[in-house]
>>> print(open('coords_0.txt').read())   # compact mmCIF, C-alpha atoms
# COMPACT_ATOMS: atom_id res chain seq x y z
CA MET G 1 92.74 51.47 49.29
CA THR G 2 94.23 48.14 50.37
CA LYS G 3 97.72 48.35 51.81
CA SER G 4 100.42 46.16 50.30
CA PRO G 5 101.54 43.26 52.55
CA GLU G 6 105.13 44.18 51.65
CA LEU G 7 104.62 47.73 52.94
CA ASP G 8 103.05 46.38 56.13
CA MET G 9 105.99 44.05 56.68
CA SER G 10 108.45 46.89 56.14
CA ILE G 11 106.70 49.05 58.73
CA ARG G 12 106.43 46.16 61.18
CA GLU G 13 110.16 45.47 60.95
CA LYS G 14 110.96 49.15 61.43
CA ILE G 15 108.83 49.13 64.58
CA LEU G 16 110.51 45.95 65.85
CA ASP G 17 113.97 47.34 65.09
CA ALA G 18 113.23 50.56 66.96
CA ALA G 19 111.65 48.71 69.88
CA ALA G 20 114.51 46.23 70.20
CA ALA G 21 116.98 49.11 70.31
CA ALA G 22 114.86 50.96 72.88
CA PHE G 23 114.43 47.86 75.09
CA THR G 24 118.21 47.40 75.00
CA ARG G 25 118.92 51.01 75.97
CA ARG G 26 116.18 51.59 78.53
CA GLY G 27 114.79 48.17 79.43
CA PHE G 28 111.31 46.91 78.65
CA SER G 29 109.55 48.49 81.62
CA LYS G 30 110.96 51.99 81.03
CA THR G 31 110.31 52.05 77.29
CA THR G 32 106.99 53.61 76.29
CA MET G 33 104.95 53.36 73.13
CA ASP G 34 105.72 57.07 72.64
CA ASP G 35 109.45 56.26 72.70
CA ILE G 36 108.99 53.61 70.03
CA ALA G 37 106.78 55.83 67.87
CA LYS G 38 109.31 58.66 68.09
CA SER G 39 112.15 56.33 67.05
CA VAL G 40 110.18 55.11 64.04
CA GLY G 41 109.04 58.62 63.12
CA ALA G 42 105.42 57.50 63.22
CA THR G 43 102.30 58.21 65.22
CA LYS G 44 101.44 56.12 68.23
CA GLY G 45 98.24 55.16 66.40
CA LEU G 46 100.28 53.51 63.65
CA ILE G 47 102.20 51.50 66.24
CA TYR G 48 98.95 50.31 67.81
CA TYR G 49 97.59 49.46 64.36
CA HIS G 50 100.34 46.85 63.96
CA PHE G 51 100.75 45.81 67.61
CA PRO G 52 97.97 45.90 70.23
CA SER G 53 100.41 46.40 73.11
CA LYS G 54 104.05 46.89 74.02
CA PHE G 55 104.26 43.25 75.04
CA ASP G 56 103.06 42.23 71.58
CA ILE G 57 105.95 44.25 70.15
CA TYR G 58 108.28 42.34 72.45
CA LEU G 59 106.84 39.03 71.21
CA GLY G 60 107.30 40.16 67.60
CA GLY G 61 110.92 41.08 68.29
CA TYR G 62 111.55 37.76 70.02
CA GLU G 63 110.20 35.87 66.99
CA LEU G 64 112.13 37.96 64.47
CA GLY G 65 115.35 37.62 66.47
CA MET G 66 115.00 33.85 66.71
CA ASN G 67 114.23 33.54 63.01
CA LYS G 68 117.27 35.64 62.08
CA VAL G 69 119.72 33.53 64.08
CA LYS G 70 118.10 30.23 63.07
CA GLN G 71 118.33 31.14 59.37
CA ALA G 72 122.01 32.00 59.81
CA VAL G 73 122.94 28.86 61.76
CA GLU G 74 120.74 26.02 60.52
CA PRO G 75 122.38 25.64 57.05
CA MET G 76 125.74 25.02 58.77
CA ALA G 77 124.30 21.97 60.56
CA ASP G 78 123.47 20.34 57.21
CA GLN G 79 126.94 20.73 55.71
CA GLY G 80 129.39 17.84 55.46
CA GLY G 81 132.26 17.36 57.85
CA SER G 82 132.81 16.14 61.37
CA GLY G 83 130.71 17.16 64.32
CA LEU G 84 133.48 19.50 65.44
CA GLU G 85 133.71 21.19 62.02
CA ARG G 86 129.95 21.74 61.82
CA LEU G 87 129.76 22.87 65.45
CA ARG G 88 132.50 25.43 64.82
CA GLN G 89 130.77 26.85 61.73
CA MET G 90 127.40 26.98 63.52
CA SER G 91 128.97 28.73 66.49
CA ILE G 92 130.70 31.29 64.27
CA ALA G 93 127.39 31.97 62.48
CA HIS G 94 125.68 32.38 65.88
CA VAL G 95 128.27 34.89 67.12
CA ARG G 96 128.29 36.76 63.78
CA ASN G 97 124.52 37.09 64.00
CA LEU G 98 124.82 38.34 67.56
CA MET G 99 127.32 40.99 66.45
CA ILE G 100 125.15 42.05 63.51
CA ASN G 101 121.87 41.98 65.47
CA PRO G 102 122.90 42.53 69.11
CA LYS G 103 119.68 44.26 70.10
CA TYR G 104 117.60 41.19 69.18
CA HIS G 105 119.83 38.86 71.19
CA HIS G 106 119.61 41.23 74.15
CA LEU G 107 115.82 41.36 73.79
CA ILE G 108 115.55 37.56 73.80
CA HIS G 109 117.88 37.12 76.77
CA GLN G 110 116.32 39.80 78.96
CA GLY G 111 112.77 39.12 77.93
CA VAL G 112 111.76 35.81 79.43
CA ARG G 113 113.30 36.74 82.78
CA ASP G 114 112.16 40.36 82.93
CA GLN G 115 108.66 39.72 81.61
CA ALA G 116 107.91 36.96 84.14
CA SER G 117 105.71 39.32 86.14
CA GLU G 118 104.15 40.98 83.09
CA SER G 119 100.38 40.70 82.98
CA MET G 120 99.58 38.66 79.86
CA THR G 121 96.46 37.65 78.03
CA VAL G 122 95.89 33.98 77.25
CA ARG G 123 96.91 34.64 73.64
CA GLN G 124 100.14 36.37 74.70
CA ARG G 125 101.03 33.61 77.14
CA GLU G 126 100.48 30.97 74.44
CA SER G 127 102.62 32.99 72.00
CA LEU G 128 105.40 33.26 74.56
CA MET G 129 105.28 29.51 75.18
CA GLU G 130 105.57 28.88 71.43
CA LEU G 131 108.56 31.22 71.20
CA ASN G 132 110.25 29.58 74.17
CA GLN G 133 109.78 26.25 72.39
CA LEU G 134 111.34 27.76 69.26
CA ARG G 135 114.39 28.70 71.35
CA LYS G 136 114.56 25.17 72.79
CA ASP G 137 114.33 23.68 69.29
CA TYR G 138 117.22 25.91 68.26
CA GLU G 139 119.29 24.56 71.14
CA LEU G 140 118.44 21.02 70.03
CA ILE G 141 120.18 21.68 66.70
CA PHE G 142 123.42 22.30 68.60
CA ARG G 143 122.85 19.30 70.86
CA GLY G 144 122.41 17.02 67.85
CA ILE G 145 125.69 18.18 66.31
CA ILE G 146 127.51 17.71 69.63
CA GLU G 147 126.14 14.17 69.79
CA ASP G 148 127.45 13.62 66.25
CA GLY G 149 130.85 14.95 67.27
CA VAL G 150 131.04 12.66 70.28
CA ALA G 151 130.07 9.71 68.09
CA ASP G 152 132.65 10.47 65.37
CA GLY G 153 135.40 11.17 67.91
CA SER G 154 135.98 14.81 66.96
CA LEU G 155 134.56 15.93 70.33
CA ARG G 156 135.31 14.61 73.80
CA ALA G 157 132.83 12.24 75.44
CA VAL G 158 130.88 15.09 77.05
CA ASP G 159 127.27 15.21 78.23
CA PRO G 160 125.55 16.75 75.15
CA VAL G 161 122.89 18.52 77.23
CA LEU G 162 125.40 20.15 79.56
CA ALA G 163 127.82 20.92 76.73
CA THR G 164 125.07 22.62 74.70
CA ARG G 165 124.05 24.83 77.62
CA VAL G 166 127.63 25.78 78.46
CA LEU G 167 128.50 26.44 74.81
CA LEU G 168 125.49 28.66 74.08
CA SER G 169 125.82 30.48 77.41
CA SER G 170 129.45 31.23 76.60
CA LEU G 171 128.67 32.39 73.06
CA ASN G 172 125.72 34.51 74.22
CA ALA G 173 127.92 36.19 76.83
CA VAL G 174 129.43 38.16 73.93
CA ASP G 175 126.48 40.53 74.17
CA MET G 176 127.73 41.57 77.63
CA TRP G 177 130.77 43.32 76.13
CA TYR G 178 130.28 43.62 72.38
CA ARG G 179 129.24 47.00 71.00
CA GLU G 180 128.54 47.81 67.36
CA MET G 181 131.15 50.06 65.76
CA ASP G 182 130.68 52.18 62.65
CA ASP G 183 134.02 51.16 61.15
CA GLN G 184 133.72 47.43 61.86
CA SER G 185 133.89 45.56 58.55
CA GLU G 186 132.51 42.13 57.71
CA ASP G 187 136.09 40.81 57.80
CA LYS G 188 136.61 42.15 61.32
CA ILE G 189 133.31 40.68 62.50
CA GLN G 190 134.25 37.32 61.00
CA ALA G 191 137.71 37.36 62.59
CA MET G 192 136.30 38.30 66.00
CA ALA G 193 133.61 35.62 65.79
CA GLU G 194 136.22 32.99 64.87
CA GLY G 195 138.42 34.07 67.78
CA VAL G 196 135.56 33.79 70.28
CA VAL G 197 134.51 30.37 68.99
CA ASP G 198 138.03 28.95 68.99
CA LEU G 199 138.42 29.94 72.64
CA VAL G 200 135.05 28.47 73.64
CA ILE G 201 135.14 25.23 71.66
CA GLY G 202 138.59 24.30 72.93
CA GLY G 203 136.97 22.82 76.01
CA VAL G 204 135.03 20.15 74.12
CA GLN G 205 137.39 19.42 71.24
CA ALA G 206 138.98 15.99 71.29
CA HIS G 207 142.76 16.06 71.66
>>> encode(input="coords_0.txt", output="structure tokens")
Amino acid sequence: MTKSPELDMSIREKILDAAAAAFTRRGFSKTTMDDIAKSVGATKGLIYYHFPSKFDIYLGGYELGMNKVKQAVEPMADQGGSGLERLRQMSIAHVRNLMINPKYHHLIHQGVRDQASESMTVRQRESLMELNQLRKDYELIFRGIIEDGVADGSLRAVDPVLATRVLLSSLNAVDMWYREMDDQSEDKIQAMAEGVVDLVIGGVQAH
């Protein structure tokens, strides 16, 4: 009997969710395939059916995490308004996504650094390079809006490359202290994200 692609996708995402949470708690090196299988409530054989190795699970989580944040942020770049207004909305969407999906942000941030010594196949190395390029392309969206803001006068005459790196580093630092809470509503997440962004963007806003 042929399995439904929708069912496969559902299982894959459950595996990636469980793995991202485990990598956040224990670190990549200390997390085993048994740990992931236990979290999913599946056999280790089912995990291997979808992912040949633990590093392939990491790559899948990296891709899913990048797609989630890109889908949340990219529409804000295409809205009307000044560079500052669009940058603020993009930054709020970025922080909201981080608060909703902290384990994926943590996976992305720890991964490239911690997996530097990981033994990879040619296919895995090429996949990682493609994902790193996806992350760079995401940063370019922010850089383009900063350039727009400098041009329209809503942002100070800053170096767009440096400003993009400082901005995203500051926004991503939220995952150092933020912890998901059961009683945290969408309104509270929105208010917290707006507060973080207003503090960070103050340094580049034109006065």
>>> closest_atom_pairs(input="coords_0.txt", of="stretch 121-154 of chain G", to="stretch 48-54 of chain G", cutoff="12 Å", atoms="only C-alpha atoms", output="tab-separated table")
residue	atom	partner	partner_atom	distance
G:Thr121	CA	G:Ser53	CA	10.8
G:Arg123	CA	G:Pro52	CA	11.8
G:Gln124	CA	G:Ser53	CA	10.2
>>> closest_residue(input="coords_0.txt", among="G:Ala163, G:Ile108, G:Asp56, G:Glu74", to="G:Glu126", atoms="all atoms listed in the file")
G:Asp56
>>> residues_near_point(input="coords_0.txt", point="(114.7, 52.6, 69.5)", cutoff="10 Å", atoms="only C-alpha atoms", output="PDB file with C-alpha atoms, keeping the file's coordinate frame")
ATOM      1  CA  LYS G  14     110.960  49.150  61.430  1.00  0.00           C
ATOM      2  CA  ILE G  15     108.830  49.130  64.580  1.00  0.00           C
ATOM      3  CA  LEU G  16     110.510  45.950  65.850  1.00  0.00           C
ATOM      4  CA  ASP G  17     113.970  47.340  65.090  1.00  0.00           C
ATOM      5  CA  ALA G  18     113.230  50.560  66.960  1.00  0.00           C
ATOM      6  CA  ALA G  19     111.650  48.710  69.880  1.00  0.00           C
ATOM      7  CA  ALA G  20     114.510  46.230  70.200  1.00  0.00           C
ATOM      8  CA  ALA G  21     116.980  49.110  70.310  1.00  0.00           C
ATOM      9  CA  ALA G  22     114.860  50.960  72.880  1.00  0.00           C
ATOM     10  CA  PHE G  23     114.430  47.860  75.090  1.00  0.00           C
ATOM     11  CA  THR G  24     118.210  47.400  75.000  1.00  0.00           C
ATOM     12  CA  ARG G  25     118.920  51.010  75.970  1.00  0.00           C
ATOM     13  CA  ARG G  26     116.180  51.590  78.530  1.00  0.00           C
ATOM     14  CA  THR G  31     110.310  52.050  77.290  1.00  0.00           C
ATOM     15  CA  ASP G  35     109.450  56.260  72.700  1.00  0.00           C
ATOM     16  CA  ILE G  36     108.990  53.610  70.030  1.00  0.00           C
ATOM     17  CA  ALA G  37     106.780  55.830  67.870  1.00  0.00           C
ATOM     18  CA  LYS G  38     109.310  58.660  68.090  1.00  0.00           C
ATOM     19  CA  SER G  39     112.150  56.330  67.050  1.00  0.00           C
ATOM     20  CA  VAL G  40     110.180  55.110  64.040  1.00  0.00           C
ATOM     21  CA  LYS G 103     119.680  44.260  70.100  1.00  0.00           C
TER      22      LYS G 103
END
>>> closest_residue(input="coords_0.txt", among="G:Ile92, G:Leu59, G:Leu128, G:Ala77", to="G:Tyr104", atoms="all atoms listed in the file")
G:Leu59
>>> closest_atom_pairs(input="coords_0.txt", of="stretch 31-150 of chain G", to="stretch 185-201 of chain G", cutoff="9 Å", atoms="all atoms listed in the file", output="Markdown table")
| residue | atom | partner | partner_atom | distance |
| --- | --- | --- | --- | --- |
| G:Leu84 | CA | G:Ile201 | CA | 8.6 |
| G:Leu87 | CA | G:Ile201 | CA | 8.5 |
| G:Arg88 | CA | G:Val197 | CA | 6.8 |
| G:Gln89 | CA | G:Glu194 | CA | 8.8 |
| G:Ser91 | CA | G:Val197 | CA | 6.3 |
| G:Ile92 | CA | G:Ala193 | CA | 5.4 |
| G:Ala93 | CA | G:Ala193 | CA | 7.9 |
| G:His94 | CA | G:Ala193 | CA | 8.6 |
| G:Val95 | CA | G:Ala193 | CA | 5.6 |
| G:Arg96 | CA | G:Ala193 | CA | 5.8 |
| G:Met99 | CA | G:Ile189 | CA | 7.2 |
| G:Ile100 | CA | G:Ile189 | CA | 8.3 |
>>> closest_residue(input="coords_0.txt", among="G:Pro160, G:Pro102, G:Gly60, G:Gly153", to="G:Ile141", atoms="only C-alpha atoms")
G:Pro160
>>> closest_residue(input="coords_0.txt", among="G:Gly202, G:Gly41, G:Gly144, G:Gly149", to="G:Ser82", atoms="only C-alpha atoms")
G:Gly149
>>> atom_distance(input="coords_0.txt", atom1="atom CA of G:Val158", atom2="atom CA of G:Asn172")
20.3 Å
>>> atom_distance(input="coords_0.txt", atom1="atom CA of G:Ile145", atom2="atom CA of G:Gly61")
27.3 Å
>>> atom_distance(input="coords_0.txt", atom1="atom CA of G:Asp148", atom2="atom CA of G:Gly83")
5.2 Å
>>> residues_around(input="coords_0.txt", residues="stretch 136-138 of chain G", least_positions_apart="6", cutoff="10 Å", atoms="only C-alpha atoms", output="PyMOL selection string")
chain G and resi 66-67+69-70+73-74+130
